[in-house]
file data-v8.txt (compact mmCIF, C-alpha atoms and all ligand atoms)
# COMPACT_ATOMS: atom_id res chain seq x y z
CA MET A 1230 16.79 30.55 22.01
CA SER A 1231 13.62 32.31 20.85
CA LYS A 1232 10.35 30.80 22.05
CA CYS A 1233 8.49 32.13 19.03
CA ILE A 1234 7.07 29.90 16.30
CA TYR A 1235 5.96 31.64 13.14
CA VAL A 1236 2.75 30.16 11.69
CA LEU A 1237 2.41 31.33 8.10
CA ASN A 1238 -0.64 30.80 5.92
CA GLY A 1239 -0.91 31.36 2.19
CA PRO A 1240 -3.63 32.47 -0.20
CA ASN A 1241 -7.33 31.86 0.38
CA LEU A 1242 -6.79 30.48 3.88
CA ASN A 1243 -8.40 33.68 5.20
CA LEU A 1244 -11.63 32.09 3.93
CA LEU A 1245 -11.19 28.92 5.99
CA GLY A 1246 -14.54 27.80 7.40
CA SER A 1247 -16.56 29.06 4.45
CA ARG A 1248 -14.29 27.97 1.60
CA GLN A 1249 -15.09 24.44 0.32
CA PRO A 1250 -15.79 23.14 3.85
CA GLU A 1251 -16.10 19.59 2.47
CA ILE A 1252 -12.34 19.82 1.77
CA TYR A 1253 -11.00 22.29 4.32
CA GLY A 1254 -13.47 21.85 7.20
CA ALA A 1255 -15.69 24.22 9.15
CA GLU A 1256 -13.11 25.77 11.42
CA THR A 1257 -12.03 29.34 10.67
CA LEU A 1258 -8.46 30.57 10.66
CA ALA A 1259 -9.29 32.55 13.82
CA ASP A 1260 -10.33 29.24 15.46
CA VAL A 1261 -7.00 27.70 14.44
CA HIS A 1262 -5.13 30.71 15.81
CA ARG A 1263 -7.02 30.49 19.12
CA ARG A 1264 -6.31 26.77 19.53
CA LEU A 1265 -2.62 27.25 18.74
CA LEU A 1266 -2.33 30.13 21.20
CA GLY A 1267 -3.87 28.01 23.95
CA ARG A 1268 -1.55 25.10 23.34
CA ALA A 1269 1.49 27.35 22.92
CA LEU A 1270 0.79 28.86 26.32
CA GLU A 1271 0.72 25.38 27.87
CA LEU A 1272 3.99 24.50 26.12
CA GLY A 1273 5.77 27.72 27.02
CA LEU A 1274 5.98 28.82 23.39
CA GLU A 1275 4.89 31.99 21.60
CA ILE A 1276 3.07 32.22 18.30
CA GLU A 1277 3.32 34.77 15.51
CA PHE A 1278 0.30 33.99 13.33
CA PHE A 1279 0.13 35.42 9.81
CA GLN A 1280 -1.90 34.98 6.64
CA SER A 1281 -1.46 36.66 3.30
CA ASN A 1282 -2.77 36.28 -0.21
CA SER A 1283 0.44 37.80 -1.49
CA GLU A 1284 3.61 35.82 -2.18
CA GLY A 1285 5.85 38.83 -1.43
CA GLU A 1286 4.30 39.39 1.99
CA ILE A 1287 4.86 35.75 2.92
CA ILE A 1288 8.49 36.03 1.81
CA ASP A 1289 8.94 39.22 3.88
CA LYS A 1290 7.53 37.40 6.91
CA ILE A 1291 9.99 34.51 6.40
CA HIS A 1292 12.81 37.07 6.28
CA GLU A 1293 11.53 38.57 9.55
CA ALA A 1294 11.50 35.09 11.10
CA ARG A 1295 15.23 34.69 10.40
CA SER A 1296 16.14 36.71 13.47
CA ARG A 1297 13.02 36.11 15.55
CA ALA A 1298 11.77 32.55 15.26
CA ARG A 1299 12.75 29.19 16.60
CA GLY A 1300 10.81 27.54 13.82
CA ILE A 1301 8.26 28.02 11.07
CA ILE A 1302 5.00 26.18 10.52
CA ILE A 1303 3.86 27.02 7.01
CA ASN A 1304 0.83 26.20 4.92
CA PRO A 1305 1.82 27.87 1.66
CA ALA A 1306 -1.56 26.83 0.18
CA ALA A 1307 -1.49 27.16 -3.64
CA TYR A 1308 2.03 28.64 -3.51
CA SER A 1309 3.24 25.20 -2.37
CA HIS A 1310 2.87 24.06 -5.95
CA THR A 1311 4.33 27.10 -7.71
CA SER A 1312 6.69 29.12 -5.58
CA VAL A 1313 10.44 28.69 -5.93
CA ALA A 1314 10.64 32.14 -4.28
CA ILE A 1315 9.08 30.87 -1.04
CA LEU A 1316 11.40 27.84 -1.13
CA ASP A 1317 14.39 30.17 -1.58
CA ALA A 1318 13.24 32.32 1.34
CA LEU A 1319 12.83 29.24 3.56
CA ASN A 1320 16.34 28.16 2.57
CA THR A 1321 17.65 31.38 4.18
CA PHE A 1322 15.97 30.42 7.46
CA GLU A 1323 18.26 28.34 9.65
CA GLN A 1324 15.74 26.75 12.03
CA PRO A 1325 13.29 23.89 11.39
CA VAL A 1326 10.34 24.26 9.04
CA ILE A 1327 7.21 22.11 9.16
CA GLU A 1328 4.86 22.18 6.18
CA VAL A 1329 1.15 21.71 6.82
CA HIS A 1330 -1.67 21.02 4.39
CA ILE A 1331 -5.19 20.72 5.71
CA SER A 1332 -6.23 18.39 2.90
CA ASN A 1333 -4.38 15.35 1.62
CA ILE A 1334 -2.81 16.94 -1.45
CA HIS A 1335 -1.83 13.48 -2.76
CA GLN A 1336 -5.47 12.42 -3.04
CA ARG A 1337 -6.35 15.50 -5.07
CA GLU A 1338 -5.56 16.84 -8.56
CA SER A 1339 -2.11 15.87 -9.83
CA PHE A 1340 -0.95 19.52 -9.90
CA ARG A 1341 -1.23 19.50 -6.09
CA HIS A 1342 0.98 16.44 -5.65
CA HIS A 1343 4.26 18.35 -5.81
CA SER A 1344 5.24 20.99 -3.27
CA PHE A 1345 8.43 23.02 -3.72
CA VAL A 1346 8.47 23.65 0.03
CA SER A 1347 8.69 19.95 0.92
CA ALA A 1348 12.33 19.83 -0.22
CA ARG A 1349 13.14 22.22 2.63
CA ALA A 1350 10.74 21.04 5.34
CA GLU A 1351 11.85 18.79 8.19
CA GLY A 1352 8.38 17.30 8.08
CA VAL A 1353 5.17 17.49 6.09
CA ILE A 1354 1.70 16.96 7.57
CA ALA A 1355 -1.13 16.61 5.07
CA GLY A 1356 -4.72 15.46 5.27
CA LEU A 1357 -5.29 15.67 9.03
CA GLY A 1358 -7.32 18.86 8.82
CA THR A 1359 -6.43 21.78 11.04
CA LEU A 1360 -5.09 19.32 13.63
CA GLY A 1361 -1.95 19.37 11.47
CA TYR A 1362 -1.03 22.80 12.81
CA LEU A 1363 -1.26 21.58 16.41
CA LEU A 1364 0.80 18.48 15.67
CA ALA A 1365 3.45 20.70 14.09
CA LEU A 1366 3.50 22.82 17.23
CA GLU A 1367 4.03 19.69 19.35
CA TYR A 1368 7.12 18.97 17.26
CA PHE A 1369 8.66 22.26 18.34
CA ALA A 1370 7.66 21.64 21.95
CA LYS A 1371 9.73 18.49 22.09
CA GLY A 1372 12.78 20.68 21.60
CA SER A 1373 13.57 20.23 17.92
C1 LIG B 1 -4.54 24.67 0.71
C2 LIG B 1 -4.75 25.23 -0.50
O1 LIG B 1 -5.29 26.45 -0.61
C3 LIG B 1 -4.47 24.51 -1.76
O2 LIG B 1 -4.07 25.36 -2.79
C4 LIG B 1 -3.45 23.41 -1.58
C5 LIG B 1 -3.82 23.39 0.87
C6 LIG B 1 -3.79 22.55 -0.38
C7 LIG B 1 -4.30 22.65 2.10
O3 LIG B 1 -4.73 21.51 2.02
O4 LIG B 1 -4.22 23.23 3.20
O5 LIG B 1 -3.37 22.64 -2.75

call {"tool": "encode", "arguments": {"input": "data-v8.txt", "output": "structure tokens", "more": "lines below"}}
Ligand code: DHK
result
Amino acid sequence: MSKCIYVLNGPNLNLLGSRQPEIYGAETLADVHRRLLGRALELGLEIEFFQSNSEGEIIDKIHEARSRARGIIINPAAYSHTSVAILDALNTFEQPVIEVHISNIHQRESFRHHSFVSARAEGVIAGLGTLGYLLALEYFAKGS
């Protein structure tokens, strides 16, 4: 089986660290990538790390994962709340999906309370900051 976990990040997460740090924290996406790479190495896993502000590019990456990935960790960001297309793409992927939100979407505006992706995800981690990505990686390490 592939050792590669796709870590997909949606719109505005390229600004992590400078974007509303009181909500999303001070760590940049490059910091998150670095931490995940380090842990993946220890766990014997590989990481394909990707961010896009475009829904179509995220969908294309999910299609690519179909033949290459053992699992997907996805923070669809605002597309969580709007994108049936990303849900449909994830439904074509036959391995586990873990959804991550840095903030606790349930404590925020009501339009953030529903995520289309959650219907597909094996698990959802929200509100634990960027640690959520690492916890999702641990899930794959245990041999899901
Ligand atoms: C990130 C975003 O950009 C928001 O649109 C979501 C999510 C929450 C997060 O907490 O990581 O509503």

call {"tool": "residues_near_ligand", "arguments": {"input": "data-v8.txt", "ligand": "ligand LIG 1 (chain B)", "cutoff": "9 Å", "atoms": "only C-alpha atoms and all ligand atoms", "output": "number ranges by chain"}}
result
A: 1238-1242, 1252-1253, 1304-1310, 1329-1334, 1337-1338, 1340-1342, 1344, 1355-1356, 1358-1359

call {"tool": "closest_residue", "arguments": {"input": "data-v8.txt", "among": "A:Ile1276, A:Leu1316, A:Ile1234, A:Leu1244", "to": "A:Arg1349", "atoms": "all atoms listed in the file"}}
result
A:Leu1316

call {"tool": "atom_distance", "arguments": {"input": "data-v8.txt", "atom1": "atom CA of A:Cys1233", "atom2": "atom CA of A:Glu1275"}}
result
4.4 Å

call {"tool": "atom_distance", "arguments": {"input": "data-v8.txt", "atom1": "atom CA of A:Glu1328", "atom2": "atom CA of A:Ser1281"}}
result
16.1 Å

call {"tool": "closest_atom_pairs", "arguments": {"input": "data-v8.txt", "of": "stretch 1238-1286 of chain A", "to": "stretch 1361-1364 of chain A", "cutoff": "10 Å", "atoms": "all atoms listed in the file", "output": "CSV"}}
result
residue,atom,partner,partner_atom,distance
A:Val1261,CA,A:Tyr1362,CA,7.9
A:His1262,CA,A:Tyr1362,CA,9.4
A:Arg1264,CA,A:Leu1363,CA,7.9
A:Leu1265,CA,A:Leu1363,CA,6.3
A:Leu1266,CA,A:Leu1363,CA,9.9
A:Arg1268,CA,A:Leu1363,CA,7.8
A:Ala1269,CA,A:Leu1363,CA,9.1

call {"tool": "atom_distance", "arguments": {"input": "data-v8.txt", "atom1": "atom CA of A:Gly1352", "atom2": "atom CA of A:Phe1322"}}
result
15.2 Å

call {"tool": "closest_residue", "arguments": {"input": "data-v8.txt", "among": "A:Phe1278, A:Ser1231, A:Ile1303, A:Glu1256", "to": "A:Leu1360", "atoms": "all atoms listed in the file"}}
result
A:Glu1256

call {"tool": "closest_residue", "arguments": {"input": "data-v8.txt", "among": "A:Thr1311, A:Leu1237, A:Gly1254, A:Leu1270", "to": "A:Asp1289", "atoms": "only C-alpha atoms"}}
result
A:Leu1237

call {"tool": "closest_residue", "arguments": {"input": "data-v8.txt", "among": "A:Val1346, A:Arg1295, A:Phe1279, A:Ile1287", "to": "A:Val1313", "atoms": "only C-alpha atoms"}}
result
A:Val1346

call {"tool": "axis_aligned_box", "arguments": {"input": "data-v8.txt", "around": "stretch 1300-1313 of chain A", "padding_each_side": "5 Å", "output": "AutoDock Vina command-line options"}}
result
--center_x 4.6 --center_y 26.6 --center_z 3.1 --size_x 22.4 --size_y 15.1 --size_z 31.5

call {"tool": "closest_residue", "arguments": {"input": "data-v8.txt", "among": "A:Lys1290, A:Arg1263, A:Arg1248, A:Arg1299", "to": "A:Tyr1368", "atoms": "all atoms listed in the file"}}
result
A:Arg1299

call {"tool": "closest_residue", "arguments": {"input": "data-v8.txt", "among": "A:Ile1327, A:Ile1302, A:Leu1258, A:Ile1288", "to": "A:Leu1245", "atoms": "all atoms listed in the file"}}
result
A:Leu1258

call {"tool": "residues_around", "arguments": {"input": "data-v8.txt", "residues": "A:Lys1232", "least_positions_apart": "5", "cutoff": "12 Å", "atoms": "only C-alpha atoms", "output": "PDB file with C-alpha atoms, in the frame of the given file"}}
result
ATOM      1  CA  ALA A1269       1.490  27.350  22.920  1.00  0.00           C
ATOM      2  CA  LEU A1270       0.790  28.860  26.320  1.00  0.00           C
ATOM      3  CA  LEU A1272       3.990  24.500  26.120  1.00  0.00           C
ATOM      4  CA  GLY A1273       5.770  27.720  27.020  1.00  0.00           C
ATOM      5  CA  LEU A1274       5.980  28.820  23.390  1.00  0.00           C
ATOM      6  CA  GLU A1275       4.890  31.990  21.600  1.00  0.00           C
ATOM      7  CA  ILE A1276       3.070  32.220  18.300  1.00  0.00           C
ATOM      8  CA  GLU A1277       3.320  34.770  15.510  1.00  0.00           C
ATOM      9  CA  ALA A1294      11.500  35.090  11.100  1.00  0.00           C
ATOM     10  CA  SER A1296      16.140  36.710  13.470  1.00  0.00           C
ATOM     11  CA  ARG A1297      13.020  36.110  15.550  1.00  0.00           C
ATOM     12  CA  ALA A1298      11.770  32.550  15.260  1.00  0.00           C
ATOM     13  CA  ARG A1299      12.750  29.190  16.600  1.00  0.00           C
ATOM     14  CA  GLY A1300      10.810  27.540  13.820  1.00  0.00           C
ATOM     15  CA  ILE A1301       8.260  28.020  11.070  1.00  0.00           C
ATOM     16  CA  LEU A1366       3.500  22.820  17.230  1.00  0.00           C
ATOM     17  CA  PHE A1369       8.660  22.260  18.340  1.00  0.00           C
ATOM     18  CA  ALA A1370       7.660  21.640  21.950  1.00  0.00           C
ATOM     19  CA  GLY A1372      12.780  20.680  21.600  1.00  0.00           C
ATOM     20  CA  SER A1373      13.570  20.230  17.920  1.00  0.00           C
TER      21      SER A1373
END
